[in-house]
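Following: one structure in structure tokens, then a few remarks.
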Amino acid sequence: MSASKEVVFPNILWAQRSEHVFVSIPLQDAANVAVEIRSGRRLHFSATAGGQDYGCVLELFREISSEESSHVTLPRQIELKLKKKWPNDASDEKEVALCRAWPRLTKEKTKNCHIQVDWSRWKDDDADSENDGGLGFDYGNMMSEMMLQKGLEKKEPTPFSSALEGKGENDNEKKNDVMGTGNNDDDYEDLPPLEE
């Protein structure tokens with residue numbers, strides 16, 4: 001048996017926003033963590049976890065700013081927040097688009113089985129504002145205001161156990177309105193009679 005341990009390429013999860021790339025390396029109880037960015041584009045990583053040495057050198061898709069990037073070692077993983085570096089000539093729309101949304105983490109087009117997209121952290125540019133519908137309007141807030149104007153304000157849901165205990169409500173209201181949904185007999189006055 002050799003005296004030196006084999007260095008294993010770690011599993012890597014990545015996601016991005018327009019300004020940052022987020023890299024997670026799931027290594028539990030990692031020690032001797034070293035993260036270095038060289039030439040603005042080469043990510044050097046090494047750590048030890050569970051008696052095994054891990055390490056890799058990645059040529060990133062585009063340059064990042066090492067001064068504005070950071071990493072933190074957590075009990076179950078190492079997280080890197082890499083600040084994307086923007087081109088000096090912002091007039092080149094293709095280059096700006098590539099800096100905003102990387103098609104992959106590495107410069108190499110070949111697939112590395114250890115690098116995967118972290119879908120739990122992924123967010124598309126289209127989803128930057130969840131309620132605006134992409135046009136700059138806050139439709140969620142607009143609907144709330146319209147409901148308040150019409151007198152249909154949203155009631156706070158009552159915890160199921162307290163609704164059954166009968167805190168200030170009579171038994172008939174509890175049967176018809178267990179979760180505070182507003183089902184009263186007045187709601188049915190506008191309906192036509194049922195056919196017999």
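Residues in the structure tokens are numbered from 1 in each chain, the chains being A, B, ... in the order shown, and ligands are numbered from 1 in the order shown.
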Pull the closest atom pair for each residue of stretch 65-91 of chain A that gets at most 7 Å from stretch 16-21 of chain A, along with the distance in Å to one decimal, counting only C-alpha atoms, ordering rows by chain and then ascending residue number, as CSV.
residue,atom,partner,partner_atom,distance
A:Lys81,CA,A:Val21,CA,6.0
A:Leu82,CA,A:Val21,CA,5.0
A:Lys83,CA,A:His20,CA,4.6
A:Lys84,CA,A:His20,CA,5.4
Just to confirm, what's the straight-line distance from atom CA of A:Phe22 to atom CA of A:Lys94 in Å (one decimal)? 22.4 Å
As an exercise, work out the distance from atom CA of A:Asp53 to atom CA of A:Lys111 in Å and give it to one decimal place.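 These two atoms are separated by 23.0 Å.
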